[in-house]
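Peer 1: If it helps, the file is called upload.txt and holds compact mmCIF, C-alpha atoms and all ligand atoms:
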# COMPACT_ATOMS: atom_id res chain seq x y z
CA MET A 379 0.00 0.00 0.00
CA ARG A 380 1.45 3.37 -1.02
CA THR A 381 1.85 5.92 1.78
CA TYR A 382 1.37 9.64 1.19
CA LEU A 383 2.55 12.35 3.53
CA VAL A 384 0.36 15.39 2.94
CA THR A 385 1.38 18.64 4.63
CA GLY A 386 -1.29 21.29 5.19
CA GLY A 387 -4.04 18.74 4.62
CA ALA A 388 -6.47 20.54 6.94
CA GLY A 389 -6.46 23.65 4.74
CA PHE A 390 -8.54 24.45 1.69
CA ILE A 391 -6.71 22.67 -1.13
CA GLY A 392 -5.10 20.01 1.08
CA SER A 393 -8.45 18.80 2.43
CA ASN A 394 -9.98 18.75 -1.05
CA TYR A 395 -6.95 16.79 -2.26
CA ILE A 396 -7.33 14.22 0.55
CA HIS A 397 -11.03 13.78 -0.33
CA TYR A 398 -10.13 13.44 -4.00
CA MET A 399 -7.48 10.80 -3.28
CA PHE A 400 -9.71 8.66 -1.03
CA ASP A 401 -12.53 8.91 -3.59
CA LYS A 402 -10.16 7.77 -6.30
CA TYR A 403 -8.00 5.15 -4.57
CA GLY A 404 -10.15 4.11 -1.60
CA ASP A 405 -8.28 1.72 0.67
CA ASP A 406 -5.37 1.23 -1.73
CA ILE A 407 -3.50 4.19 -0.23
CA ARG A 408 -2.62 5.44 3.22
CA ILE A 409 -2.52 9.19 3.97
CA ILE A 410 -0.63 10.83 6.83
CA ASN A 411 -1.77 14.44 7.19
CA VAL A 412 0.67 16.76 8.96
CA ASP A 413 -0.81 20.13 9.81
CA ALA A 414 -0.11 22.73 12.50
CA LEU A 415 -3.78 23.83 12.50
CA THR A 416 -3.15 27.55 12.09
CA TYR A 417 -6.17 29.83 11.64
CA ALA A 418 -6.47 28.32 8.12
CA GLY A 419 -6.44 24.68 9.17
CA ASN A 420 -9.70 23.07 10.18
CA LEU A 421 -10.25 19.40 11.02
CA GLU A 422 -13.95 19.81 10.28
CA ASN A 423 -12.92 19.77 6.61
CA LEU A 424 -12.00 16.10 7.09
CA LYS A 425 -14.71 14.94 9.50
CA ASP A 426 -16.11 12.34 7.12
CA ILE A 427 -12.78 10.54 6.74
CA GLU A 428 -11.20 10.97 10.16
CA ASP A 429 -12.02 7.43 11.31
CA LYS A 430 -10.64 5.66 8.26
CA PRO A 431 -7.99 3.13 9.29
CA ASN A 432 -5.77 4.24 6.41
CA TYR A 433 -5.82 7.92 7.49
CA THR A 434 -3.68 9.46 10.25
CA PHE A 435 -3.64 13.06 11.42
CA ILE A 436 -0.53 14.45 13.11
CA LYS A 437 -0.65 17.95 14.56
CA ALA A 438 2.83 19.28 13.91
CA ASP A 439 4.60 22.34 12.59
CA ILE A 440 6.73 21.91 9.47
CA CYS A 441 9.15 24.41 11.02
CA ASP A 442 9.97 21.72 13.60
CA GLY A 443 12.71 19.93 11.66
CA LYS A 444 13.28 17.26 14.33
CA LYS A 445 9.61 16.29 14.34
CA MET A 446 9.56 16.05 10.53
CA MET A 447 12.57 13.68 10.66
CA GLU A 448 10.77 11.56 13.29
CA ILE A 449 7.67 11.27 11.12
CA PHE A 450 9.74 9.96 8.23
CA LYS A 451 11.40 7.46 10.60
CA GLU A 452 8.05 6.25 11.93
CA TYR A 453 6.33 5.85 8.56
CA ASP A 454 7.71 4.53 5.28
CA ILE A 455 6.63 7.49 3.17
CA ASP A 456 6.45 6.96 -0.60
CA ARG A 457 5.03 10.28 -1.71
CA VAL A 458 5.06 13.75 -0.22
CA VAL A 459 2.53 16.34 -1.35
CA HIS A 460 3.57 19.59 0.25
CA PHE A 461 0.73 22.12 0.63
CA ALA A 462 1.47 23.61 4.07
CA ALA A 463 2.04 27.34 3.75
CA GLU A 464 0.85 30.75 4.72
CA SER A 465 -1.29 31.52 1.69
CA HIS A 466 -2.97 34.93 1.86
CA VAL A 467 -1.40 37.91 0.07
CA ASP A 468 -3.05 40.56 2.28
CA ARG A 469 -1.72 38.90 5.43
CA SER A 470 1.75 38.75 3.87
CA ILE A 471 1.64 42.51 3.27
CA ALA A 472 0.64 43.15 6.89
CA ASP A 473 3.03 40.62 8.47
CA PRO A 474 5.63 39.01 6.18
CA ASP A 475 7.82 37.22 8.75
CA VAL A 476 5.71 34.10 9.25
CA PHE A 477 5.55 33.67 5.45
CA ILE A 478 9.33 33.35 5.27
CA LYS A 479 9.40 31.05 8.27
CA THR A 480 6.70 28.62 7.13
CA ASN A 481 7.01 28.81 3.37
CA VAL A 482 10.80 28.92 3.09
CA LEU A 483 12.23 27.32 6.24
CA GLY A 484 9.32 24.89 6.53
CA THR A 485 9.90 23.73 2.95
CA LEU A 486 13.62 23.34 3.68
CA ASN A 487 12.75 21.08 6.63
CA MET A 488 10.46 18.96 4.47
CA LEU A 489 13.20 18.58 1.84
CA ASN A 490 15.79 17.65 4.47
CA ALA A 491 13.53 15.12 6.17
CA ALA A 492 12.57 13.45 2.88
CA LYS A 493 16.18 13.46 1.67
CA ALA A 494 17.44 11.89 4.89
CA ALA A 495 14.82 9.13 4.65
CA TRP A 496 15.08 8.44 0.92
CA GLU A 497 18.77 8.83 0.05
CA ASN A 498 20.91 5.70 -0.33
CA GLU A 499 24.50 5.59 0.85
CA ASP A 500 25.79 6.11 -2.69
CA GLY A 501 23.77 9.33 -3.10
CA THR A 502 21.04 7.78 -5.28
CA PHE A 503 17.44 7.78 -4.07
CA LYS A 504 15.20 4.83 -3.21
CA GLU A 505 13.07 3.67 -6.11
CA GLY A 506 9.61 5.24 -6.50
CA LYS A 507 9.95 7.99 -3.87
CA LYS A 508 8.57 11.35 -4.99
CA PHE A 509 8.06 14.81 -3.52
CA LEU A 510 5.57 17.24 -5.03
CA HIS A 511 5.88 20.89 -4.09
CA VAL A 512 2.60 22.75 -4.52
CA SER A 513 3.18 26.29 -5.70
CA THR A 514 1.42 29.18 -7.33
CA ASP A 515 1.37 31.15 -10.58
CA GLU A 516 2.00 34.31 -8.50
CA VAL A 517 5.75 33.58 -8.59
CA TYR A 518 5.74 34.74 -12.22
CA GLY A 519 4.59 38.25 -11.30
CA SER A 520 1.98 40.19 -13.23
CA LEU A 521 0.88 40.15 -16.88
CA ASP A 522 -0.33 43.03 -19.05
CA GLU A 523 -4.06 43.33 -19.45
CA ASP A 524 -3.90 42.85 -23.19
CA GLY A 525 -1.95 39.65 -23.50
CA GLY A 526 0.59 37.01 -22.61
CA TYR A 527 0.56 33.90 -20.49
CA PHE A 528 2.67 32.29 -17.79
CA TYR A 529 4.71 29.37 -19.19
CA GLU A 530 7.01 27.14 -17.15
CA THR A 531 9.87 29.09 -18.75
CA THR A 532 8.55 32.53 -17.72
CA PRO A 533 11.14 34.20 -15.45
CA TYR A 534 10.17 34.50 -11.80
CA ASP A 535 9.19 38.05 -10.82
CA PRO A 536 7.31 37.91 -7.50
CA HIS A 537 5.90 41.13 -6.03
CA SER A 538 4.23 40.33 -2.71
CA PRO A 539 5.95 38.86 0.36
CA TYR A 540 3.69 35.81 -0.20
CA SER A 541 4.79 35.25 -3.80
CA ALA A 542 8.42 36.00 -2.91
CA SER A 543 8.30 33.34 -0.19
CA LYS A 544 6.73 30.81 -2.59
CA ALA A 545 9.34 31.68 -5.25
CA SER A 546 12.09 31.09 -2.66
CA SER A 547 10.60 27.73 -1.74
CA ASP A 548 10.39 26.75 -5.43
CA PHE A 549 14.07 27.64 -5.86
CA LEU A 550 14.97 25.52 -2.85
CA VAL A 551 13.17 22.53 -4.37
CA LYS A 552 14.87 23.18 -7.72
CA SER A 553 18.25 23.37 -5.97
CA TYR A 554 17.68 19.99 -4.27
CA MET A 555 16.75 18.44 -7.63
CA ASP A 556 19.79 19.94 -9.38
CA THR A 557 22.32 19.38 -6.60
CA TYR A 558 21.30 16.02 -5.15
CA GLY A 559 19.08 14.55 -7.85
CA PHE A 560 16.29 14.74 -5.23
CA PRO A 561 13.16 13.18 -6.81
CA ALA A 562 10.64 16.02 -7.03
CA ASN A 563 8.18 17.97 -9.14
CA ILE A 564 6.84 21.49 -8.77
CA THR A 565 3.35 22.54 -9.80
CA ASN A 566 2.39 26.20 -10.21
CA CYS A 567 -1.38 26.55 -10.15
CA SER A 568 -3.70 29.48 -10.75
CA ASN A 569 -6.34 30.72 -8.25
CA ASN A 570 -8.49 27.92 -6.83
CA TYR A 571 -12.09 28.10 -5.68
CA GLY A 572 -14.49 25.55 -4.18
CA PRO A 573 -15.68 24.11 -0.84
CA TYR A 574 -13.72 24.65 2.40
CA GLN A 575 -11.97 27.85 1.28
CA PHE A 576 -11.34 30.23 4.17
CA PRO A 577 -13.40 33.43 3.77
CA GLU A 578 -10.41 35.76 3.61
CA LYS A 579 -10.09 34.94 -0.12
CA LEU A 580 -12.20 36.67 -2.75
CA ILE A 581 -14.91 34.12 -3.57
CA PRO A 582 -15.92 32.82 -0.11
CA LEU A 583 -15.55 36.32 1.37
CA MET A 584 -18.00 37.74 -1.19
CA ILE A 585 -20.46 34.85 -0.75
CA ASN A 586 -20.39 35.21 3.03
CA ASN A 587 -20.72 39.00 2.99
CA ALA A 588 -23.54 38.94 0.44
CA LEU A 589 -25.51 36.39 2.46
CA GLN A 590 -25.19 38.64 5.50
CA GLY A 591 -26.02 41.82 3.61
CA LYS A 592 -22.54 43.18 4.30
CA LYS A 593 -20.58 45.38 1.87
CA LEU A 594 -18.56 43.68 -0.88
CA PRO A 595 -15.12 45.34 -0.78
CA VAL A 596 -13.64 45.56 -4.30
CA TYR A 597 -9.98 46.55 -4.37
CA GLY A 598 -9.00 49.33 -6.81
CA ASP A 599 -11.03 49.39 -10.04
CA GLY A 600 -12.11 45.74 -9.76
CA LYS A 601 -10.53 44.95 -13.13
CA ASN A 602 -7.63 42.83 -11.90
CA VAL A 603 -7.77 39.46 -13.60
CA ARG A 604 -7.33 36.04 -12.01
CA ASP A 605 -7.46 32.65 -13.74
CA TRP A 606 -9.87 30.50 -11.69
CA LEU A 607 -9.71 26.72 -11.35
CA TYR A 608 -12.12 24.45 -9.49
CA VAL A 609 -10.17 22.91 -6.60
CA ALA A 610 -10.92 19.26 -7.52
CA ASP A 611 -9.28 19.89 -10.89
CA HIS A 612 -6.16 21.06 -9.08
CA ALA A 613 -6.20 17.90 -6.94
CA LYS A 614 -6.54 15.82 -10.10
CA GLY A 615 -3.61 17.68 -11.70
CA ILE A 616 -1.35 17.05 -8.70
CA ASP A 617 -2.15 13.35 -8.72
CA MET A 618 -1.64 13.10 -12.49
CA VAL A 619 1.73 14.86 -12.29
CA GLN A 620 2.89 12.35 -9.67
CA GLU A 621 1.55 9.44 -11.73
CA HIS A 622 2.37 10.47 -15.28
CA GLY A 623 4.65 13.53 -15.16
CA LYS A 624 8.38 13.46 -15.76
CA LEU A 625 10.39 13.64 -12.57
CA TYR A 626 12.24 16.97 -12.04
CA GLU A 627 9.79 18.89 -14.23
CA THR A 628 7.65 21.87 -13.36
CA TYR A 629 4.04 21.93 -14.54
CA ASN A 630 1.71 24.92 -14.68
CA ILE A 631 -1.91 24.08 -13.82
CA GLY A 632 -4.76 26.27 -15.05
CA GLY A 633 -7.90 26.03 -17.13
CA HIS A 634 -7.93 29.23 -19.27
CA ASN A 635 -10.62 30.81 -17.16
CA GLU A 636 -9.66 34.45 -16.80
CA LYS A 637 -12.12 36.75 -15.08
CA GLN A 638 -12.01 40.29 -13.74
CA ASN A 639 -12.79 40.47 -10.01
CA ILE A 640 -15.87 42.58 -10.64
CA GLU A 641 -17.23 39.96 -13.08
CA ILE A 642 -16.82 37.31 -10.37
CA ILE A 643 -18.76 39.44 -7.89
CA HIS A 644 -21.63 39.98 -10.35
CA THR A 645 -21.71 36.23 -11.04
CA ILE A 646 -21.86 35.47 -7.31
CA LEU A 647 -24.77 37.89 -6.83
CA GLU A 648 -26.63 36.43 -9.82
CA CYS A 649 -26.12 32.83 -8.66
CA LEU A 650 -27.19 33.68 -5.12
CA ARG A 651 -30.41 35.23 -6.43
CA GLU A 652 -31.05 32.17 -8.59
CA GLU A 653 -30.26 29.58 -5.97
CA LEU A 654 -31.86 31.05 -2.83
CA PRO A 655 -35.53 30.09 -2.39
CA ASP A 656 -37.94 33.05 -2.75
CA ASP A 657 -38.99 32.90 0.88
CA ASP A 658 -35.41 33.05 2.19
CA PRO A 659 -35.09 36.36 4.06
CA ARG A 660 -31.47 36.77 2.89
CA LYS A 661 -32.67 37.16 -0.69
CA ALA A 662 -33.97 40.67 0.01
CA HIS A 663 -30.55 42.20 0.56
CA ILE A 664 -28.65 40.45 -2.25
CA ASN A 665 -28.16 43.24 -4.75
CA GLU A 666 -25.52 45.27 -6.57
CA ASP A 667 -25.74 48.12 -4.03
CA LEU A 668 -23.55 46.02 -1.73
CA ILE A 669 -20.58 46.49 -4.10
CA THR A 670 -18.16 49.00 -2.58
CA TYR A 671 -14.92 50.11 -4.19
CA VAL A 672 -12.15 50.40 -1.59
CA THR A 673 -8.47 51.37 -1.51
CA ASP A 674 -6.39 49.08 -3.66
CA ARG A 675 -4.10 46.36 -2.30
CA LYS A 676 -0.46 47.53 -2.18
CA GLY A 677 1.57 46.20 -5.13
CA HIS A 678 -1.60 44.59 -6.56
CA ASP A 679 -0.74 42.26 -9.47
CA ARG A 680 -2.88 43.16 -12.48
CA ARG A 681 -3.37 39.90 -14.29
CA TYR A 682 -2.53 36.21 -13.92
CA ALA A 683 -3.08 33.69 -16.72
CA ILE A 684 -1.64 30.20 -17.04
CA ALA A 685 -0.65 28.47 -20.27
CA PRO A 686 -1.44 24.82 -19.42
CA ASP A 687 -0.01 23.44 -22.69
CA LYS A 688 2.74 21.38 -21.05
CA ILE A 689 0.58 19.54 -18.51
CA LYS A 690 -1.96 18.80 -21.26
CA ALA A 691 0.65 17.49 -23.68
CA GLU A 692 2.90 15.55 -21.27
CA VAL A 693 0.51 14.47 -18.54
CA GLY A 694 -2.85 14.44 -20.32
CA TRP A 695 -4.49 16.69 -17.70
CA GLU A 696 -7.50 18.84 -18.51
CA PRO A 697 -10.00 20.41 -16.12
CA ASP A 698 -13.43 18.75 -15.78
CA THR A 699 -15.42 21.59 -14.24
CA MET A 700 -16.54 24.64 -16.23
CA PHE A 701 -16.63 27.87 -14.23
CA LYS A 702 -20.42 28.29 -14.49
CA ASP A 703 -20.92 24.84 -12.95
CA GLY A 704 -18.10 25.14 -10.43
CA ILE A 705 -19.28 28.45 -9.04
CA LYS A 706 -22.85 27.12 -8.66
CA LYS A 707 -21.58 24.02 -6.86
CA THR A 708 -19.43 26.23 -4.64
CA ILE A 709 -22.24 28.61 -3.72
CA LYS A 710 -24.54 25.69 -3.01
CA TRP A 711 -21.89 24.15 -0.76
CA TYR A 712 -21.65 27.38 1.27
CA PHE A 713 -25.46 27.46 1.61
CA GLU A 714 -25.61 23.91 2.78
CA ASN A 715 -22.74 24.35 5.19
CA GLU A 716 -23.72 27.51 7.02
CA ASP A 717 -22.40 26.05 10.27
CA TRP A 718 -18.97 25.59 8.76
CA MET A 719 -18.91 29.27 7.83
CA LYS A 720 -20.23 30.27 11.26
CA ASN A 721 -17.51 28.27 12.98
CA VAL A 722 -14.63 29.64 10.92
CA THR A 723 -15.85 33.23 11.17
CA SER A 724 -16.32 33.22 14.93
CA GLY A 725 -13.50 34.43 17.18
CA ASP A 726 -10.30 35.58 15.45
CA TYR A 727 -11.88 36.16 12.06
CA GLN A 728 -13.88 39.17 13.28
CA ALA A 729 -10.70 40.85 14.52
CA TYR A 730 -8.91 40.01 11.26
CA TYR A 731 -11.75 41.47 9.18
CA GLU A 732 -11.98 44.63 11.24
CA ASN A 733 -8.24 45.17 11.05
CA MET A 734 -7.87 44.42 7.32
CA TYR A 735 -10.87 46.40 6.07
CA LYS A 736 -11.43 49.25 8.53
CA ASP A 737 -9.18 51.83 6.83
CA ARG A 738 -9.89 50.87 3.24
P1 LIG B 801 -4.69 27.39 3.28
O1 LIG B 801 -4.17 28.64 3.89
O2 LIG B 801 -6.16 27.18 3.15
O3 LIG B 801 -4.13 26.12 4.08
C1 LIG B 801 -2.81 26.04 4.54
C2 LIG B 801 -2.73 24.85 5.50
O4 LIG B 801 -1.36 24.76 5.94
C3 LIG B 801 -3.59 25.03 6.76
O5 LIG B 801 -4.24 23.81 7.07
C4 LIG B 801 -2.58 25.37 7.84
O6 LIG B 801 -2.97 24.96 9.14
C5 LIG B 801 -1.34 24.62 7.35
N1 LIG B 801 -0.11 25.22 7.85
C6 LIG B 801 0.24 26.54 7.83
N2 LIG B 801 1.43 26.70 8.42
C7 LIG B 801 1.86 25.46 8.81
C8 LIG B 801 3.02 24.98 9.47
N3 LIG B 801 3.99 25.81 9.86
N4 LIG B 801 3.14 23.65 9.68
C9 LIG B 801 2.15 22.80 9.31
N5 LIG B 801 1.02 23.20 8.69
C10 LIG B 801 0.88 24.52 8.45
O7 LIG B 801 -3.96 27.31 1.88
P2 LIG B 801 -4.47 26.71 0.49
O8 LIG B 801 -5.22 27.75 -0.24
O9 LIG B 801 -5.09 25.39 0.74
O10 LIG B 801 -3.09 26.51 -0.26
C11 LIG B 801 -2.34 25.31 -0.13
C12 LIG B 801 -1.07 25.42 -0.96
O11 LIG B 801 -1.40 25.65 -2.31
C13 LIG B 801 -0.15 26.56 -0.54
O12 LIG B 801 1.18 26.10 -0.64
C14 LIG B 801 -0.42 27.64 -1.58
O13 LIG B 801 0.71 28.45 -1.78
C15 LIG B 801 -0.73 26.79 -2.80
N6 LIG B 801 -1.62 27.42 -3.81
C16 LIG B 801 -2.81 27.96 -3.41
C17 LIG B 801 -3.66 28.50 -4.39
C18 LIG B 801 -5.02 29.06 -4.03
O14 LIG B 801 -5.72 29.61 -4.88
N7 LIG B 801 -5.46 28.95 -2.78
C19 LIG B 801 -3.28 28.48 -5.73
C20 LIG B 801 -2.05 27.91 -6.08
C21 LIG B 801 -1.24 27.37 -5.10
P1 LIG B 802 -7.38 36.61 -3.34
O1 LIG B 802 -8.54 35.69 -3.22
O2 LIG B 802 -6.79 37.20 -2.08
O3 LIG B 802 -6.27 35.82 -4.17
P2 LIG B 802 -4.84 36.34 -4.79
O4 LIG B 802 -4.58 37.71 -4.33
O5 LIG B 802 -3.88 35.35 -4.22
O6 LIG B 802 -5.02 36.25 -6.26
O7 LIG B 802 -7.79 37.82 -4.28
C1 LIG B 802 -8.24 37.60 -5.60
C2 LIG B 802 -8.45 38.96 -6.24
O8 LIG B 802 -9.54 39.62 -5.58
C3 LIG B 802 -7.25 39.90 -6.11
O9 LIG B 802 -7.13 40.66 -7.31
C4 LIG B 802 -7.63 40.81 -4.95
C5 LIG B 802 -9.14 40.89 -5.05
N1 LIG B 802 -9.86 41.07 -3.77
C6 LIG B 802 -10.80 42.12 -3.62
O10 LIG B 802 -11.03 42.91 -4.54
N2 LIG B 802 -11.43 42.24 -2.42
C7 LIG B 802 -11.20 41.41 -1.38
O11 LIG B 802 -11.81 41.60 -0.27
C8 LIG B 802 -10.27 40.33 -1.54
C9 LIG B 802 -9.98 39.38 -0.42
C10 LIG B 802 -9.63 40.20 -2.76
Translate this file's structure into C-alpha cells.
Peer 2:
Amino acid sequence: MRTYLVTGGAGFIGSNYIHYMFDKYGDDIRIINVDALTYAGNLENLKDIEDKPNYTFIKADICDGKKMMEIFKEYDIDRVVHFAAESHVDRSIADPDVFIKTNVLGTLNMLNAAKAAWENEDGTFKEGKKFLHVSTDEVYGSLDEDGGYFYETTPYDPHSPYSASKASSDFLVKSYMDTYGFPANITNCSNNYGPYQFPEKLIPLMINNALQGKKLPVYGDGKNVRDWLYVADHAKGIDMVQEHGKLYETYNIGGHNEKQNIEIIHTILECLREELPDDDPRKAHINEDLITYVTDRKGHDRRYAIAPDKIKAEVGWEPDTMFKDGIKKTIKWYFENEDWMKNVTSGDYQAYYENMYKDR
C-alpha cells in the first residue's frame, strides 16, 4: 500500500486533495496528514474521513525539523505532497515574517527530512519515492491586461511577500533536484475556488458578505484578472503529475478561465439570487448596491493567466469543471454548510476582518 505524507491537509486545497485521493484510490492508499492547524487549518474539513484506518492526522509544525525527521522514521513514506504554507497575500503585506518562516524554512525542513529518509549511501534515491511541491502562478509576477501567459519558462518576478516566499521555496526545491538529484516535481497553479476555502479569499468572502447583507469590498477598479480553477481539478492535476509527469519537471496548472474580479462578484450575486428560495429572508438584501470600491491592495498584481499546454501534452491533464458549474456548486456548498462558515468566522476572524478592512 502506497503511503502519502500530505502537509497542510487541513487547509482548503489540502483537504480537497485528501477527499479526492480517497474517492479515487479508496483503501489502496494510506494518507498521513501533517498540519499545525493555524487559523487556516480546520479538522472539520475532514470529518467524514477521520475514522478511516488508512488515514492518520498528526498535529505538527513543518518548522519543527526534528519532528519532521521523526515522522519519516516512523512511517515509510512513498510520496510527499507539500501544501502547508501561509497563503494569503493581504496577510503577507501586513506581516511578512511568518511567510518566510513557514514557506521557506518549513519547505527546507520537508526537503531535508525526505532526503534523509530516501537517500541511499551512494547518493542515489530509493526507487519510486517522490516529492511534489505545490506552488502558485503568483511567482511569475503580473501580466499586461492585453496579453501574454505564464509558461514554465517565464522568469520568476514575485511582487508580494507571499509570492516572494513561494518563489524562494520553489528555488529551494529546484536546488535539491539539481544538486542532489532529489526526486521532485513542482506545480504552479492558478487561483483555486471551491468548498472549504477560508473566507479571507475573494470568492468565499463575497459569498459570506452577500448572504449577511454586508458590503462587498472591491480593491481598486475591480478589473484585476485572475485565472480560476475548481479545486478538484487542481487535486486531479497534482495526482496526475505524480503518476504520469516526468520527474524533475515543473508543470503549470490552469484552465484558461480568466475573469475580472468585478465579473466574479456579479456572477456570485446572480447565482445567489437564482439559488436562494424566494422565501429566504437573505434574498432581500442580495443586490448590486452592496458592491463597494475600496483602496487598492499595495503592489496589486494586475493579471494572472496560465498556459497549461505542457501539462496537457505531457501528462494528459484537462480540467473537468466549467466555471459556471463550479461556481454554482461552490455557492450551493456554502449554503448547505452555514455552520462551517459560522464556525470559521467566529473568534479571530472578526478581529482580522476589522483590522484588514477598517481603513480601506
Ligand atoms: P490554506 O491557507 O487554506 O491552508 C494552509 C494549510 O497549511 C492550513 O491547514 C494550515 O494549518 C497549514 N499550515 C500553515 N502553516 C503550517 C506549518 N507551519 N506547519 C504545518 N502546517 C501549516 O492554503 P491553500 O489555499 O489550501 O493553499 C495550499 C497550498 O497551495 C499553498 O502552498 C499555496 O501556496 C498553494 N496554492 C494555493 C492556491 C489558491 O488559490 N489557494 C493556488 C495555487 C497554489
Ligand atoms: P485573493 O482571493 O486574495 O487571491 P490572490 O490575491 O492570491 O489572487 O484575491 C483575488 C483577487 O480579488 C485579487 O485581485 C484581490 C481581489 N480582492 C478584492 O477585490 N477584495 C477582497 O476583499 C479580496 C480578499 C480580494
Peer 1: If we count all atoms listed in the file, what is near Gly506 in chain A at a cut-off of 12 Å, once residues fewer than 2 positions away on the same chain are taken out, given as a PDB file with C-alpha atoms, keeping the file's coordinate frame?
Peer 2:
ATOM      1  CA  ARG A 380       1.450   3.370  -1.020  1.00  0.00           C
ATOM      2  CA  THR A 381       1.850   5.920   1.780  1.00  0.00           C
ATOM      3  CA  ASP A 454       7.710   4.530   5.280  1.00  0.00           C
ATOM      4  CA  ILE A 455       6.630   7.490   3.170  1.00  0.00           C
ATOM      5  CA  ASP A 456       6.450   6.960  -0.600  1.00  0.00           C
ATOM      6  CA  ARG A 457       5.030  10.280  -1.710  1.00  0.00           C
ATOM      7  CA  VAL A 458       5.060  13.750  -0.220  1.00  0.00           C
ATOM      8  CA  TRP A 496      15.080   8.440   0.920  1.00  0.00           C
ATOM      9  CA  GLU A 497      18.770   8.830   0.050  1.00  0.00           C
ATOM     10  CA  THR A 502      21.040   7.780  -5.280  1.00  0.00           C
ATOM     11  CA  PHE A 503      17.440   7.780  -4.070  1.00  0.00           C
ATOM     12  CA  LYS A 504      15.200   4.830  -3.210  1.00  0.00           C
ATOM     13  CA  LYS A 508       8.570  11.350  -4.990  1.00  0.00           C
ATOM     14  CA  PHE A 509       8.060  14.810  -3.520  1.00  0.00           C
ATOM     15  CA  PHE A 560      16.290  14.740  -5.230  1.00  0.00           C
ATOM     16  CA  PRO A 561      13.160  13.180  -6.810  1.00  0.00           C
ATOM     17  CA  ALA A 562      10.640  16.020  -7.030  1.00  0.00           C
ATOM     18  CA  GLN A 620       2.890  12.350  -9.670  1.00  0.00           C
ATOM     19  CA  GLU A 621       1.550   9.440 -11.730  1.00  0.00           C
ATOM     20  CA  LEU A 625      10.390  13.640 -12.570  1.00  0.00           C
TER      21      LEU A 625
END
Peer 1: Can I get the residues close to ligand LIG 802 (chain B) as a list of chain:residue names, where close means within 6 Å and we count all atoms listed in the file?
Peer 2: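 My answer, listing the contacting residues, is A:His466, A:Val467, A:Glu578, A:Lys579, A:Leu580, A:Pro595, A:Val596, A:Tyr597, A:Asn602, A:Asn639.
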Peer 1: Residues of chain A that approach ligand LIG 801 (chain B) to 6 Å or less, counting all atoms listed in the file: could you list each one with the shortest pair of atoms and its distance in Å to one decimal, rows by chain and increasing residue number, as a Markdown table?
Peer 2:
| residue | atom | partner | partner_atom | distance |
| --- | --- | --- | --- | --- |
| A:Gly386 | CA | B:LIG801 | O4 | 3.6 |
| A:Gly387 | CA | B:LIG801 | O5 | 5.6 |
| A:Ala388 | CA | B:LIG801 | O5 | 4.0 |
| A:Gly389 | CA | B:LIG801 | O5 | 3.2 |
| A:Phe390 | CA | B:LIG801 | O9 | 3.7 |
| A:Ile391 | CA | B:LIG801 | O9 | 3.7 |
| A:Gly392 | CA | B:LIG801 | O9 | 5.4 |
| A:Asp413 | CA | B:LIG801 | N5 | 3.7 |
| A:Ala414 | CA | B:LIG801 | C9 | 3.9 |
| A:Leu415 | CA | B:LIG801 | O6 | 3.6 |
| A:Thr416 | CA | B:LIG801 | O6 | 3.9 |
| A:Ala418 | CA | B:LIG801 | C3 | 4.6 |
| A:Gly419 | CA | B:LIG801 | O5 | 3.2 |
| A:Ala438 | CA | B:LIG801 | C9 | 5.8 |
| A:Asp439 | CA | B:LIG801 | N4 | 3.5 |
| A:Ile440 | CA | B:LIG801 | N4 | 4.0 |
| A:Cys441 | CA | B:LIG801 | N3 | 5.5 |
| A:Phe461 | CA | B:LIG801 | C12 | 4.1 |
| A:Ala462 | CA | B:LIG801 | O4 | 3.6 |
| A:Ala463 | CA | B:LIG801 | C6 | 4.5 |
| A:Glu464 | CA | B:LIG801 | C6 | 5.3 |
| A:Ser465 | CA | B:LIG801 | O1 | 4.6 |
| A:Thr480 | CA | B:LIG801 | N3 | 4.8 |
| A:Val512 | CA | B:LIG801 | O12 | 5.3 |
| A:Ser513 | CA | B:LIG801 | C21 | 4.6 |
| A:Thr514 | CA | B:LIG801 | C20 | 3.9 |
| A:Cys567 | CA | B:LIG801 | C20 | 4.3 |
| A:Ser568 | CA | B:LIG801 | C19 | 5.1 |
| A:Asn569 | CA | B:LIG801 | O14 | 3.6 |
| A:Asn570 | CA | B:LIG801 | O14 | 3.8 |
Peer 1: Find the distance between CA of Trp606 in chain A and CA of Ser543 in chain A and write it in Å to one decimal.
Peer 2: 21.7 Å
Peer 1: Just want the 10 Å neighbourhood of Ile410 in chain A, counted on all atoms listed in the file, with same-chain residues fewer than 2 positions away dropped. Output as a PyMOL selection string.
Peer 2: chain A and resi 381-385+387+396+408+412-413+432-436+449+453+455+458
Peer 1: Please identify all polymer residues lying at most 12 Å from the point (-11.9, 46.6, -7.5) (file coordinates), using only C-alpha atoms, and present the result as a ChimeraX atom specification.
Peer 2: /A:580,594-603,638-643,669-675,678,680,738
Peer 1: Rounded to one decimal in Å, what is the spacing between CA of Gln590 in chain A and CA of Asn635 in chain A?
Peer 2: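 Going from CA of Gln590 in chain A over to CA of Asn635 in chain A covers 28.1 Å.
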Peer 1: Counting all atoms listed in the file, which residue out of A:Asp611, A:Glu523, A:Glu448, A:Glu422 sits closest to Asp698 in chain A?
Peer 2: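 Nearest candidate to Asp698 in chain A out of A:Asp611, A:Glu523, A:Glu448, A:Glu422: A:Asp611.
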Peer 1: Which one is closest to Lys507 in chain A: A:Val476, A:Val459, A:Ala613, A:Leu668? Count only C-alpha atoms.
Peer 2: A:Val459
Peer 1: Let me make sure I understand: among A:Trp695, A:Pro431, A:Leu510, A:Val482, which one has the smallest atom-to-atom distance to Gly404 in chain A if we use all atoms listed in the file?
Peer 2: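 Checking each of A:Trp695, A:Pro431, A:Leu510, A:Val482 against Gly404 in chain A, counting all atoms listed in the file, the winner is A:Pro431.
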Peer 1: What does the distance between CA of Ile646 in chain A and CA of Pro659 in chain A come to in Å, to one decimal place?
Peer 2: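 Separation between CA of Ile646 in chain A and CA of Pro659 in chain A: 17.5 Å.
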Peer 1: Using all atoms listed in the file, which of A:Pro474, A:Pro697, A:Gly559, A:Gly501 sits nearest Gly633 in chain A?
Peer 2: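 Nearest candidate to Gly633 in chain A out of A:Pro474, A:Pro697, A:Gly559, A:Gly501: A:Pro697.
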Peer 1: Within 8 Å of Asp522 in chain A, counting all atoms listed in the file, which residues qualify if same-chain residues fewer than 2 places away don't, as a ChimeraX atom specification?
Peer 2: /A:520,524-526,680-681
